[in-house]
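Text of the file work_6.pdb, holding PDB, C-alpha atoms and all ligand atoms:
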```
ATOM      1  CA  MET A   1       0.000   0.000   0.000
ATOM      2  CA  THR A   2       1.289   3.481  -0.822
ATOM      3  CA  ALA A   3       0.865   6.485   1.455
ATOM      4  CA  THR A   4      -1.182   8.338  -1.174
ATOM      5  CA  GLU A   5      -3.382   5.429  -2.165
ATOM      6  CA  PRO A   6      -7.094   6.375  -2.223
ATOM      7  CA  ASP A   7      -9.352   4.591   0.259
ATOM      8  CA  PHE A   8     -11.493   3.027  -2.468
ATOM      9  CA  ILE A   9      -8.450   1.315  -3.973
ATOM     10  CA  ARG A  10      -7.281   0.005  -0.612
ATOM     11  CA  ASP A  11     -10.771  -1.231   0.305
ATOM     12  CA  THR A  12     -11.334  -2.868  -3.088
ATOM     13  CA  ARG A  13      -8.009  -4.699  -2.926
ATOM     14  CA  ALA A  14      -8.650  -5.893   0.624
ATOM     15  CA  GLY A  15     -12.191  -6.967  -0.277
ATOM     16  CA  TYR A  16     -11.117  -9.038  -3.279
ATOM     17  CA  ASP A  17      -8.181 -10.505  -1.377
ATOM     18  CA  ALA A  18     -10.681 -11.739   1.204
ATOM     19  CA  ILE A  19     -13.219 -13.204  -1.237
ATOM     20  CA  ALA A  20     -10.892 -14.354  -4.040
ATOM     21  CA  ALA A  21     -11.366 -18.100  -3.548
ATOM     22  CA  ASP A  22     -15.166 -17.900  -3.284
ATOM     23  CA  TYR A  23     -15.422 -15.464  -6.166
ATOM     24  CA  ALA A  24     -13.259 -17.722  -8.323
ATOM     25  CA  GLU A  25     -15.616 -20.643  -7.681
ATOM     26  CA  LEU A  26     -18.587 -18.460  -8.580
ATOM     27  CA  VAL A  27     -17.223 -17.309 -11.949
ATOM     28  CA  ARG A  28     -15.140 -20.300 -13.019
ATOM     29  CA  SER A  29     -17.520 -21.220 -15.849
ATOM     30  CA  ALA A  30     -18.763 -17.691 -16.563
ATOM     31  CA  PRO A  31     -17.889 -17.574 -20.281
ATOM     32  CA  GLU A  32     -19.728 -20.854 -20.822
ATOM     33  CA  HIS A  33     -22.970 -19.434 -19.414
ATOM     34  CA  ASP A  34     -22.924 -15.988 -21.002
ATOM     35  CA  PRO A  35     -23.754 -16.163 -24.717
ATOM     36  CA  LEU A  36     -24.106 -12.378 -25.087
ATOM     37  CA  GLY A  37     -20.794 -11.820 -23.335
ATOM     38  CA  ARG A  38     -19.150 -14.421 -25.547
ATOM     39  CA  ALA A  39     -20.578 -12.689 -28.603
ATOM     40  CA  MET A  40     -18.963  -9.362 -27.673
ATOM     41  CA  LEU A  41     -15.710 -10.990 -26.551
ATOM     42  CA  GLY A  42     -15.631 -12.884 -29.856
ATOM     43  CA  THR A  43     -16.281  -9.702 -31.809
ATOM     44  CA  PHE A  44     -13.554  -7.885 -29.879
ATOM     45  CA  ALA A  45     -11.090 -10.731 -30.511
ATOM     46  CA  GLU A  46     -11.950 -10.831 -34.198
ATOM     47  CA  TYR A  47     -11.401  -7.067 -34.525
ATOM     48  CA  VAL A  48      -8.028  -7.282 -32.791
ATOM     49  CA  ARG A  49      -6.915 -10.218 -34.952
ATOM     50  CA  THR A  50      -8.178  -8.571 -38.147
ATOM     51  CA  ASP A  51      -6.423  -5.328 -37.224
ATOM     52  CA  GLY A  52      -3.172  -7.291 -37.175
ATOM     53  CA  GLY A  53      -3.042  -8.555 -33.583
ATOM     54  CA  GLY A  54      -0.664  -7.470 -30.843
ATOM     55  CA  PRO A  55      -0.622  -7.447 -27.052
ATOM     56  CA  VAL A  56      -3.938  -7.321 -25.210
ATOM     57  CA  VAL A  57      -4.513  -6.811 -21.481
ATOM     58  CA  GLU A  58      -7.517  -7.659 -19.350
ATOM     59  CA  ILE A  59      -7.487  -5.078 -16.569
ATOM     60  CA  GLY A  60      -9.272  -6.354 -13.482
ATOM     61  CA  SER A  61      -8.714  -9.948 -14.556
ATOM     62  CA  GLY A  62      -9.691 -11.464 -11.207
ATOM     63  CA  PRO A  63      -9.248 -15.257 -11.205
ATOM     64  CA  GLY A  64      -8.385 -15.128 -14.921
ATOM     65  CA  GLN A  65     -11.229 -17.033 -16.562
ATOM     66  CA  MET A  66     -12.063 -14.253 -19.058
ATOM     67  CA  THR A  67      -8.378 -13.751 -19.877
ATOM     68  CA  ALA A  68      -8.131 -17.482 -20.524
ATOM     69  CA  HIS A  69     -11.265 -17.396 -22.686
ATOM     70  CA  LEU A  70      -9.796 -14.582 -24.803
ATOM     71  CA  HIS A  71      -6.575 -16.565 -25.090
ATOM     72  CA  THR A  72      -8.556 -19.443 -26.611
ATOM     73  CA  LEU A  73      -9.819 -16.920 -29.197
ATOM     74  CA  GLY A  74      -6.270 -16.418 -30.408
ATOM     75  CA  LEU A  75      -5.272 -13.279 -28.520
ATOM     76  CA  ASP A  76      -1.825 -12.552 -27.080
ATOM     77  CA  ILE A  77      -3.347 -11.619 -23.715
ATOM     78  CA  SER A  78      -2.212 -11.100 -20.158
ATOM     79  CA  GLY A  79      -4.067 -10.010 -17.019
ATOM     80  CA  ILE A  80      -3.602  -7.257 -14.467
ATOM     81  CA  ASP A  81      -5.474  -7.100 -11.175
ATOM     82  CA  LEU A  82      -5.453  -4.982  -8.050
ATOM     83  CA  SER A  83      -5.720  -7.963  -5.719
ATOM     84  CA  PRO A  84      -2.516  -9.953  -5.157
ATOM     85  CA  VAL A  85      -4.555 -12.934  -4.008
ATOM     86  CA  MET A  86      -6.517 -12.867  -7.271
ATOM     87  CA  VAL A  87      -3.256 -12.605  -9.216
ATOM     88  CA  ALA A  88      -1.769 -15.573  -7.351
ATOM     89  CA  MET A  89      -4.888 -17.604  -8.030
ATOM     90  CA  ALA A  90      -4.965 -16.714 -11.731
ATOM     91  CA  ARG A  91      -1.291 -17.665 -12.090
ATOM     92  CA  ARG A  92      -1.910 -20.964 -10.362
ATOM     93  CA  THR A  93      -4.984 -21.789 -12.473
ATOM     94  CA  TYR A  94      -3.551 -20.638 -15.811
ATOM     95  CA  PRO A  95       0.224 -21.088 -15.535
ATOM     96  CA  GLU A  96       0.609 -20.620 -19.293
ATOM     97  CA  LEU A  97      -0.673 -17.017 -19.035
ATOM     98  CA  ARG A  98       0.871 -13.913 -17.490
ATOM     99  CA  PHE A  99      -0.870 -12.109 -14.606
ATOM    100  CA  GLU A 100       0.538  -9.123 -12.729
ATOM    101  CA  GLU A 101      -0.535  -6.864  -9.910
ATOM    102  CA  GLY A 102      -1.508  -3.309 -10.777
ATOM    103  CA  SER A 103      -4.267  -0.739 -10.876
ATOM    104  CA  MET A 104      -6.122   0.856 -13.762
ATOM    105  CA  THR A 105      -5.752   4.135 -11.862
ATOM    106  CA  GLY A 106      -1.980   3.988 -12.388
ATOM    107  CA  LEU A 107      -1.100   1.899 -15.419
ATOM    108  CA  ALA A 108       2.669   1.609 -15.832
ATOM    109  CA  LEU A 109       2.373   0.414 -19.437
ATOM    110  CA  PRO A 110       4.160   2.434 -22.119
ATOM    111  CA  ASP A 111       2.176   4.707 -24.426
ATOM    112  CA  GLY A 112       0.639   2.864 -27.373
ATOM    113  CA  ALA A 113       1.683  -0.559 -26.045
ATOM    114  CA  LEU A 114      -1.553  -2.455 -26.610
ATOM    115  CA  ALA A 115      -3.686  -3.612 -29.513
ATOM    116  CA  GLY A 116      -6.588  -4.242 -27.158
ATOM    117  CA  LEU A 117      -7.757  -3.672 -23.605
ATOM    118  CA  VAL A 118     -10.659  -5.357 -21.810
ATOM    119  CA  ALA A 119     -12.200  -4.197 -18.532
ATOM    120  CA  TRP A 120     -14.801  -6.878 -17.758
ATOM    121  CA  TYR A 121     -16.861  -5.788 -14.738
ATOM    122  CA  SER A 122     -13.899  -3.964 -13.211
ATOM    123  CA  ILE A 123     -14.567  -0.243 -13.855
ATOM    124  CA  ILE A 124     -17.534  -0.759 -11.497
ATOM    125  CA  HIS A 125     -15.049  -0.357  -8.631
ATOM    126  CA  ILE A 126     -13.822   3.091  -9.699
ATOM    127  CA  VAL A 127     -15.237   6.163  -7.959
ATOM    128  CA  PRO A 128     -17.098   8.280 -10.546
ATOM    129  CA  GLU A 129     -14.698  11.219 -10.332
ATOM    130  CA  ARG A 130     -11.761   8.991 -11.320
ATOM    131  CA  LEU A 131     -13.394   7.419 -14.416
ATOM    132  CA  PRO A 132     -12.194  10.179 -16.798
ATOM    133  CA  ASP A 133      -8.588   9.569 -15.628
ATOM    134  CA  VAL A 134      -8.993   5.815 -16.067
ATOM    135  CA  PHE A 135     -10.349   6.222 -19.611
ATOM    136  CA  ALA A 136      -7.492   8.630 -20.380
ATOM    137  CA  GLN A 137      -5.073   5.905 -19.237
ATOM    138  CA  PHE A 138      -6.811   3.312 -21.413
ATOM    139  CA  HIS A 139      -6.485   5.686 -24.374
ATOM    140  CA  ARG A 140      -2.812   6.343 -23.642
ATOM    141  CA  VAL A 141      -1.766   2.678 -23.463
ATOM    142  CA  LEU A 142      -3.669   1.658 -26.606
ATOM    143  CA  ALA A 143      -1.994   2.022 -29.968
ATOM    144  CA  PRO A 144      -3.843   4.025 -32.641
ATOM    145  CA  GLY A 145      -6.563   1.708 -33.924
ATOM    146  CA  GLY A 146      -6.526  -0.261 -30.630
ATOM    147  CA  ARG A 147      -9.767  -1.765 -29.352
ATOM    148  CA  LEU A 148     -11.441  -1.321 -25.970
ATOM    149  CA  LEU A 149     -14.144  -3.568 -24.494
ATOM    150  CA  LEU A 150     -16.013  -2.709 -21.281
ATOM    151  CA  ALA A 151     -18.662  -4.639 -19.337
ATOM    152  CA  PHE A 152     -20.616  -3.161 -16.456
ATOM    153  CA  GLN A 153     -23.964  -3.227 -14.709
ATOM    154  CA  VAL A 154     -26.384  -0.421 -15.592
ATOM    155  CA  GLY A 155     -28.042   1.842 -13.048
ATOM    156  CA  ASP A 156     -27.642   4.818 -10.764
ATOM    157  CA  GLU A 157     -27.115   3.532  -7.267
ATOM    158  CA  PRO A 158     -24.055   1.615  -6.106
ATOM    159  CA  ARG A 159     -24.515  -1.610  -4.163
ATOM    160  CA  HIS A 160     -22.517  -1.631  -0.988
ATOM    161  CA  TYR A 161     -21.382  -4.811   0.748
ATOM    162  CA  ASP A 162     -19.876  -4.890   4.193
ATOM    163  CA  GLU A 163     -19.942  -8.669   4.213
ATOM    164  CA  ALA A 164     -19.333 -11.091   1.373
ATOM    165  CA  PHE A 165     -19.059 -14.881   1.469
ATOM    166  CA  GLY A 166     -18.889 -14.571   5.228
ATOM    167  CA  HIS A 167     -15.921 -12.159   5.156
ATOM    168  CA  PRO A 168     -16.086  -8.569   6.376
ATOM    169  CA  VAL A 169     -15.449  -6.266   3.387
ATOM    170  CA  ASN A 170     -16.016  -2.671   2.360
ATOM    171  CA  LEU A 171     -16.880  -3.118  -1.320
ATOM    172  CA  ASP A 172     -18.889  -0.877  -3.626
ATOM    173  CA  PHE A 173     -20.242  -2.207  -6.912
ATOM    174  CA  ARG A 174     -21.158   0.851  -8.963
ATOM    175  CA  ARG A 175     -23.804   0.794 -11.663
ATOM    176  CA  LEU A 176     -23.144   3.062 -14.614
ATOM    177  CA  SER A 177     -25.082   4.808 -17.345
ATOM    178  CA  PRO A 178     -24.080   3.623 -20.843
ATOM    179  CA  ASP A 179     -24.686   7.164 -22.171
ATOM    180  CA  ARG A 180     -22.327   8.612 -19.570
ATOM    181  CA  VAL A 181     -19.700   5.958 -20.214
ATOM    182  CA  LEU A 182     -19.844   6.590 -23.968
ATOM    183  CA  ASP A 183     -19.674  10.335 -23.402
ATOM    184  CA  LEU A 184     -16.601   9.931 -21.180
ATOM    185  CA  LEU A 185     -14.992   7.584 -23.693
ATOM    186  CA  GLU A 186     -15.491  10.123 -26.474
ATOM    187  CA  ARG A 187     -14.048  12.869 -24.283
ATOM    188  CA  ALA A 188     -11.024  10.633 -23.692
ATOM    189  CA  GLY A 189     -10.559  10.333 -27.468
ATOM    190  CA  PHE A 190     -12.307   7.036 -28.238
ATOM    191  CA  ARG A 191     -14.749   6.402 -31.034
ATOM    192  CA  PRO A 192     -17.637   4.148 -29.960
ATOM    193  CA  THR A 193     -18.093   1.061 -32.142
ATOM    194  CA  ALA A 194     -21.051  -0.719 -30.528
ATOM    195  CA  ARG A 195     -23.028  -1.013 -27.345
ATOM    196  CA  LEU A 196     -25.113  -3.962 -26.249
ATOM    197  CA  LEU A 197     -27.710  -3.535 -23.512
ATOM    198  CA  ARG A 198     -28.614  -6.806 -21.867
ATOM    199  CA  GLU A 199     -32.136  -6.424 -20.509
ATOM    200  CA  PRO A 200     -32.971  -7.666 -17.009
ATOM    201  CA  TYR A 201     -33.316 -11.421 -16.639
ATOM    202  CA  GLU A 202     -35.907 -12.975 -14.366
ATOM    203  CA  THR A 203     -33.041 -14.187 -12.202
ATOM    204  CA  ASP A 204     -31.003 -10.992 -12.535
ATOM    205  CA  PRO A 205     -33.039  -7.785 -12.593
ATOM    206  CA  THR A 206     -30.059  -5.535 -13.269
ATOM    207  CA  PRO A 207     -29.393  -4.647 -16.917
ATOM    208  CA  HIS A 208     -25.827  -4.981 -18.136
ATOM    209  CA  ALA A 209     -23.980  -3.025 -20.818
ATOM    210  CA  LEU A 210     -21.156  -4.177 -23.059
ATOM    211  CA  VAL A 211     -19.374  -1.363 -24.886
ATOM    212  CA  LEU A 212     -16.862  -1.637 -27.699
ATOM    213  CA  ALA A 213     -14.808   1.403 -28.703
ATOM    214  CA  ARG A 214     -11.699   2.193 -30.692
ATOM    215  CA  LYS A 215      -8.816   4.603 -30.409
ATOM    216  CA  PRO A 216      -8.990   6.268 -33.813
ATOM    217  CA  LEU A 217      -6.290   5.794 -36.386
ATOM    218  CA  PRO A 218      -4.565   9.027 -37.370
ATOM    219  CA  GLU A 219      -6.129  10.880 -40.265
ATOM    220  CA  PRO A 220      -4.599   9.875 -43.597
ATOM    221  CA  GLY A 221      -1.458  11.850 -44.231
ATOM    222  CA  THR A 222      -0.648  12.347 -40.540
ATOM    223  CA  GLN A 223       1.906  10.412 -38.517
ATOM    224  CA  GLY A 224       3.038   8.435 -41.565
ATOM    225  CA  LEU A 225       0.162   5.937 -41.756
ATOM    226  CA  SER A 226      -0.969   4.880 -45.204
ATOM    227  CA  SER A 227      -4.558   5.793 -45.931
ATOM    228  CA  GLY A 228      -5.534   2.154 -46.366
ATOM    229  CA  SER A 229      -4.033   0.970 -43.092
ATOM    230  CA  ARG A 230      -6.489  -0.376 -40.532
ATOM    231  CA  ARG A 231      -3.899  -1.985 -38.269
ATOM    232  CA  ALA A 232      -3.420  -1.116 -34.649
ATOM    233  CA  ARG A 233       0.034   0.458 -34.641
ATOM    234  CA  VAL A 234       1.796  -1.502 -31.957
ATOM    235  CA  PRO A 235       5.498  -0.670 -31.781
ATOM    236  CA  ARG A 236       7.618  -3.803 -32.152
ATOM    237  CA  HIS A 237       9.498  -3.240 -28.913
ATOM    238  CA  HIS A 238       6.167  -3.319 -27.077
ATOM    239  CA  ALA A 239       5.229  -6.751 -28.353
ATOM    240  CA  SER A 240       5.468  -8.091 -24.793
ATOM    241  CA  PRO A 241       4.879  -4.994 -22.704
ATOM    242  CA  PRO A 242       5.833  -4.870 -19.082
ATOM    243  CA  LEU A 243       2.752  -5.029 -16.934
ATOM    244  CA  THR A 244       1.918  -2.479 -14.283
ATOM    245  CA  ALA A 245       3.882  -1.911 -11.166
ATOM    246  CA  PRO A 246       1.816  -2.749  -8.100
ATOM    247  CA  GLU A 247       0.327   0.277  -6.393
ATOM    248  CA  GLY A 248       1.082  -1.398  -3.143
ATOM    249  CA  GLY A 249       0.400  -4.521  -1.155
ATOM    250  CA  THR A 250       2.276  -7.783  -1.245
ATOM    251  CA  ALA A 251       1.186 -11.135  -2.504
ATOM    252  CA  SER A 252      -0.389 -13.275   0.141
ATOM    253  CA  ALA A 253      -1.453 -16.876   0.312
ATOM    254  CA  VAL A 254      -4.386 -18.016  -1.781
ATOM    255  CA  PRO A 255      -7.237 -18.881   0.553
ATOM    256  CA  PRO A 256      -8.574 -22.428   0.447
ATOM    257  CA  SER A 257     -10.984 -23.074  -2.335
ATOM    258  CA  SER A 258     -14.689 -23.073  -1.539
ATOM    259  CA  ALA A 259     -16.545 -26.339  -2.087
ATOM    260  CA  VAL A 260     -19.482 -24.493  -3.637
ATOM    261  CA  ARG A 261     -19.700 -24.874  -7.410
ATOM    262  CA  SER A 262     -22.429 -23.513  -9.605
ATOM    263  CA  THR A 263     -23.329 -23.719 -13.225
ATOM    264  CA  ALA A 264     -25.409 -20.533 -13.004
ATOM    265  CA  PRO A 265     -23.934 -17.327 -14.421
ATOM    266  CA  PRO A 266     -22.154 -15.489 -11.637
ATOM    267  CA  TRP A 267     -24.358 -12.425 -11.773
ATOM    268  CA  HIS A 268     -27.339 -14.657 -10.976
ATOM    269  CA  ARG A 269     -25.641 -15.482  -7.762
ATOM    270  CA  PRO A 270     -24.557 -13.552  -4.738
ATOM    271  CA  LEU A 271     -21.564 -12.725  -2.716
ATOM    272  CA  THR A 272     -23.377 -14.250   0.229
ATOM    273  CA  ARG A 273     -25.149 -16.706  -2.040
ATOM    274  CA  ARG A 274     -27.452 -13.801  -2.967
ATOM    275  CA  ALA A 275     -27.042 -12.144  -6.336
ATOM    276  CA  LEU A 276     -24.383  -9.495  -6.724
ATOM    277  CA  THR A 277     -26.883  -7.559  -8.749
ATOM    278  CA  ASP A 278     -30.218  -8.255  -7.074
ATOM    279  CA  PRO A 279     -32.369  -5.287  -6.193
ATOM    280  CA  ALA A 280     -31.786  -3.479  -2.944
TER
HETATM  281  C1  LIG A 301     -16.158  -8.171 -10.438
HETATM  282  S1  LIG A 301     -14.475  -8.675 -10.517
HETATM  283  C2  LIG A 301     -14.309  -9.114 -12.233
HETATM  284  C3  LIG A 301     -13.176 -10.086 -12.455
HETATM  285  C4  LIG A 301     -13.146 -10.704 -13.867
HETATM  286  N1  LIG A 301     -12.934  -9.686 -14.875
HETATM  287  C5  LIG A 301     -14.431 -11.452 -14.117
HETATM  288  O1  LIG A 301     -15.134 -11.122 -15.068
HETATM  289  O2  LIG A 301     -14.726 -12.384 -13.363
HETATM  290  C6  LIG A 301     -13.598  -7.142 -10.440
HETATM  291  C7  LIG A 301     -12.086  -7.318 -10.471
HETATM  292  O3  LIG A 301     -11.507  -6.050 -10.716
HETATM  293  C8  LIG A 301     -10.387  -5.889  -9.868
HETATM  294  N2  LIG A 301     -10.177  -4.447  -9.695
HETATM  295  C9  LIG A 301     -10.948  -3.580  -8.995
HETATM  296  N3  LIG A 301     -10.429  -2.343  -9.048
HETATM  297  C10 LIG A 301      -9.310  -2.437  -9.824
HETATM  298  C11 LIG A 301      -8.316  -1.510 -10.222
HETATM  299  N4  LIG A 301      -8.364  -0.229  -9.839
HETATM  300  N5  LIG A 301      -7.320  -1.934 -11.030
HETATM  301  C12 LIG A 301      -7.237  -3.238 -11.389
HETATM  302  N6  LIG A 301      -8.122  -4.174 -11.019
HETATM  303  C13 LIG A 301      -9.156  -3.775 -10.238
HETATM  304  C14 LIG A 301     -10.757  -6.618  -8.591
HETATM  305  O4  LIG A 301      -9.617  -6.948  -7.817
HETATM  306  C15 LIG A 301     -11.501  -7.811  -9.144
HETATM  307  O5  LIG A 301     -10.633  -8.907  -9.366
END
```

Output the file's structure as structure tokens, nothing else.
Amino acid sequence: MTATEPDFIRDTRAGYDAIAADYAELVRSAPEHDPLGRAMLGTFAEYVRTDGGGPVVEIGSGPGQMTAHLHTLGLDISGIDLSPVMVAMARRTYPELRFEEGSMTGLALPDGALAGLVAWYSIIHIVPERLPDVFAQFHRVLAPGGRLLLAFQVGDEPRHYDEAFGHPVNLDFRRLSPDRVLDLLERAGFRPTARLLREPYETDPTPHALVLARKPLPEPGTQGLSSGSRRARVPRHHASPPLTAPEGGTASAVPPSSAVRSTAPPWHRPLTRRALTDPA
């Protein structure tokens, strides 16, 4: 932990450290049970591959199952997460992939390092006043033409948990407005590509949004790009970018795995066996 670290970062890290094993059990088969999510992840992966490929990062990768899913779609992907326990678990579960500790509020990646960046239900832990900075960081680390994919729950009011899976936590899950997110992305320099609004399910009354955006390519005639080029311009020396430096905290032991397994999508299920997203 650093002296200047905001409270919400410290609390989020501590919360996910505490619940990592239970959360991992909850989401282990998430891609399998989320056809709409898979559709957007597949579209994102196809865009990145068609653009010419290059390094991709999932920021807020948690136990790593979405990073691993994107790897199966042919992406050169690694994960970054705030929680050292999550990172340890992801490394243990997917030893063939790279996971590092870091925060989207302080990405230590070089400018233009990435062909793609995914934040899958992780910007929900950013206080609203810091979202413009986070999107500016995403824009900075993407190469021109790079792709961004966001997933988040839709709404106005955050859900607060002071207990999860039987552990005391201080975790806020913020709902966001797709219009506001798209507006902030455009202000940060992105061009929206698509948005998908998943309507409430009977078992999950909270709508979800999946947003795909792109860092524009330079206008023809500027910065030496040919007018026909649609490739993300990833500098060669960034082909395997260093991941972020941890904002603080040290890796700790992975808690024992919970015996509870579910085939239901994780957002149908709770932190305390009640849904993460159920109505207040
Ligand atoms: C709801 S989980 C989603 C994990 C994974 N993407 C998934 O779909 O299962 C949110 C994850 O974001 C991470 N996270 C929260 N704030 C973060 C930050 N500022 N930087 C990086 N990761 C963060 C948490 O540690 C947690 O693992």

Any chance you could work out the residue set of the PyMOL selection byres (((not hetatm)) within 8 of (chain A and resi 301)) here, as JSON, numbers by chain? {"A": [9, 12, 13, 15, 16, 17, 20, 23, 24, 27, 28, 30, 58, 59, 60, 61, 62, 63, 64, 65, 66, 67, 80, 81, 82, 83, 86, 101, 102, 103, 104, 105, 119, 120, 121, 122, 123, 124, 125, 126]}

Next, the residues of the selection above should be written as an mmCIF file, in the coordinates of the input with C-alpha atoms.
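And here's out.cif as it stands now:
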```
data_model
loop_
_atom_site.group_PDB
_atom_site.id
_atom_site.type_symbol
_atom_site.label_atom_id
_atom_site.label_comp_id
_atom_site.auth_asym_id
_atom_site.auth_seq_id
_atom_site.Cartn_x
_atom_site.Cartn_y
_atom_site.Cartn_z
ATOM 1 C CA ILE A 9 -8.450 1.315 -3.973
ATOM 2 C CA THR A 12 -11.334 -2.868 -3.088
ATOM 3 C CA ARG A 13 -8.009 -4.699 -2.926
ATOM 4 C CA GLY A 15 -12.191 -6.967 -0.277
ATOM 5 C CA TYR A 16 -11.117 -9.038 -3.279
ATOM 6 C CA ASP A 17 -8.181 -10.505 -1.377
ATOM 7 C CA ALA A 20 -10.892 -14.354 -4.040
ATOM 8 C CA TYR A 23 -15.422 -15.464 -6.166
ATOM 9 C CA ALA A 24 -13.259 -17.722 -8.323
ATOM 10 C CA VAL A 27 -17.223 -17.309 -11.949
ATOM 11 C CA ARG A 28 -15.140 -20.300 -13.019
ATOM 12 C CA ALA A 30 -18.763 -17.691 -16.563
ATOM 13 C CA GLU A 58 -7.517 -7.659 -19.350
ATOM 14 C CA ILE A 59 -7.487 -5.078 -16.569
ATOM 15 C CA GLY A 60 -9.272 -6.354 -13.482
ATOM 16 C CA SER A 61 -8.714 -9.948 -14.556
ATOM 17 C CA GLY A 62 -9.691 -11.464 -11.207
ATOM 18 C CA PRO A 63 -9.248 -15.257 -11.205
ATOM 19 C CA GLY A 64 -8.385 -15.128 -14.921
ATOM 20 C CA GLN A 65 -11.229 -17.033 -16.562
ATOM 21 C CA MET A 66 -12.063 -14.253 -19.058
ATOM 22 C CA THR A 67 -8.378 -13.751 -19.877
ATOM 23 C CA ILE A 80 -3.602 -7.257 -14.467
ATOM 24 C CA ASP A 81 -5.474 -7.100 -11.175
ATOM 25 C CA LEU A 82 -5.453 -4.982 -8.050
ATOM 26 C CA SER A 83 -5.720 -7.963 -5.719
ATOM 27 C CA MET A 86 -6.517 -12.867 -7.271
ATOM 28 C CA GLU A 101 -0.535 -6.864 -9.910
ATOM 29 C CA GLY A 102 -1.508 -3.309 -10.777
ATOM 30 C CA SER A 103 -4.267 -0.739 -10.876
ATOM 31 C CA MET A 104 -6.122 0.856 -13.762
ATOM 32 C CA THR A 105 -5.752 4.135 -11.862
ATOM 33 C CA ALA A 119 -12.200 -4.197 -18.532
ATOM 34 C CA TRP A 120 -14.801 -6.878 -17.758
ATOM 35 C CA TYR A 121 -16.861 -5.788 -14.738
ATOM 36 C CA SER A 122 -13.899 -3.964 -13.211
ATOM 37 C CA ILE A 123 -14.567 -0.243 -13.855
ATOM 38 C CA ILE A 124 -17.534 -0.759 -11.497
ATOM 39 C CA HIS A 125 -15.049 -0.357 -8.631
ATOM 40 C CA ILE A 126 -13.822 3.091 -9.699
#
```

For a quick check of understanding, using all atoms listed in the file, which of A:Arg91, A:Glu199, A:Leu97, A:Val85 has the smallest distance to His71 in chain A? A:Leu97

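On the file presented, the PyMOL selection byres (((chain A and resi 34-44) around 8) and not hetatm) picks out Ala30, Pro31, Glu32, His33, Ala45, Glu46, Tyr47, Val48, Leu70, Leu73, Arg147, Leu148, Leu149, Arg198, Leu210, Leu212 and Pro265 of chain A.
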
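CA of Lys215 in chain A sits 16.2 Å away from CA of Leu109 in chain A.
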
Using Å and a single decimal, report how far CA of Leu117 in chain A sits from CA of Pro55 in chain A.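 So the answer is 8.8 Å.
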
Residues matched by the PyMOL selection byres (((chain A and resi 166-175) around 10) and not hetatm), written as a PyMOL selection string: chain A and resi 8-19+22+121-128+152-165+176-178+206-209+271-273+276-277

Just-selected residues, C-alpha atoms written as a CSV table (one decimal), keeping the file's coordinate frame:
```csv
chain,number,residue,atom,x,y,z
A,8,PHE,CA,-11.5,3.0,-2.5
A,9,ILE,CA,-8.4,1.3,-4.0
A,10,ARG,CA,-7.3,0.0,-0.6
A,11,ASP,CA,-10.8,-1.2,0.3
A,12,THR,CA,-11.3,-2.9,-3.1
A,13,ARG,CA,-8.0,-4.7,-2.9
A,14,ALA,CA,-8.6,-5.9,0.6
A,15,GLY,CA,-12.2,-7.0,-0.3
A,16,TYR,CA,-11.1,-9.0,-3.3
A,17,ASP,CA,-8.2,-10.5,-1.4
A,18,ALA,CA,-10.7,-11.7,1.2
A,19,ILE,CA,-13.2,-13.2,-1.2
A,22,ASP,CA,-15.2,-17.9,-3.3
A,121,TYR,CA,-16.9,-5.8,-14.7
A,122,SER,CA,-13.9,-4.0,-13.2
A,123,ILE,CA,-14.6,-0.2,-13.9
A,124,ILE,CA,-17.5,-0.8,-11.5
A,125,HIS,CA,-15.0,-0.4,-8.6
A,126,ILE,CA,-13.8,3.1,-9.7
A,127,VAL,CA,-15.2,6.2,-8.0
A,128,PRO,CA,-17.1,8.3,-10.5
A,152,PHE,CA,-20.6,-3.2,-16.5
A,153,GLN,CA,-24.0,-3.2,-14.7
A,154,VAL,CA,-26.4,-0.4,-15.6
A,155,GLY,CA,-28.0,1.8,-13.0
A,156,ASP,CA,-27.6,4.8,-10.8
A,157,GLU,CA,-27.1,3.5,-7.3
A,158,PRO,CA,-24.1,1.6,-6.1
A,159,ARG,CA,-24.5,-1.6,-4.2
A,160,HIS,CA,-22.5,-1.6,-1.0
A,161,TYR,CA,-21.4,-4.8,0.7
A,162,ASP,CA,-19.9,-4.9,4.2
A,163,GLU,CA,-19.9,-8.7,4.2
A,164,ALA,CA,-19.3,-11.1,1.4
A,165,PHE,CA,-19.1,-14.9,1.5
A,176,LEU,CA,-23.1,3.1,-14.6
A,177,SER,CA,-25.1,4.8,-17.3
A,178,PRO,CA,-24.1,3.6,-20.8
A,206,THR,CA,-30.1,-5.5,-13.3
A,207,PRO,CA,-29.4,-4.6,-16.9
A,208,HIS,CA,-25.8,-5.0,-18.1
A,209,ALA,CA,-24.0,-3.0,-20.8
A,271,LEU,CA,-21.6,-12.7,-2.7
A,272,THR,CA,-23.4,-14.2,0.2
A,273,ARG,CA,-25.1,-16.7,-2.0
A,276,LEU,CA,-24.4,-9.5,-6.7
A,277,THR,CA,-26.9,-7.6,-8.7
```

Which residue gives the smallest distance to Gly116 in chain A among A:Ala90, A:Val181, A:Leu150, A:Leu26, with all atoms listed in the file counted?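 Residue with the minimum atom-to-atom distance to Gly116 in chain A: A:Leu150.
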
Applying 8 Å and all atoms listed in the file, which residues near Phe135 in chain A remain after dropping the ones on its own chain fewer than 5 positions away? List them as a PDB file with C-alpha atoms, in the frame of the given file.
```pdb
ATOM      1  CA  LEU A 184     -16.601   9.931 -21.180  1.00  0.00           C
ATOM      2  CA  LEU A 185     -14.992   7.584 -23.693  1.00  0.00           C
ATOM      3  CA  ALA A 188     -11.024  10.633 -23.692  1.00  0.00           C
TER       4      ALA A 188
END
```

CA of Asp111 in chain A to CA of Thr50 in chain A: how many Å, to one decimal? 21.7 Å
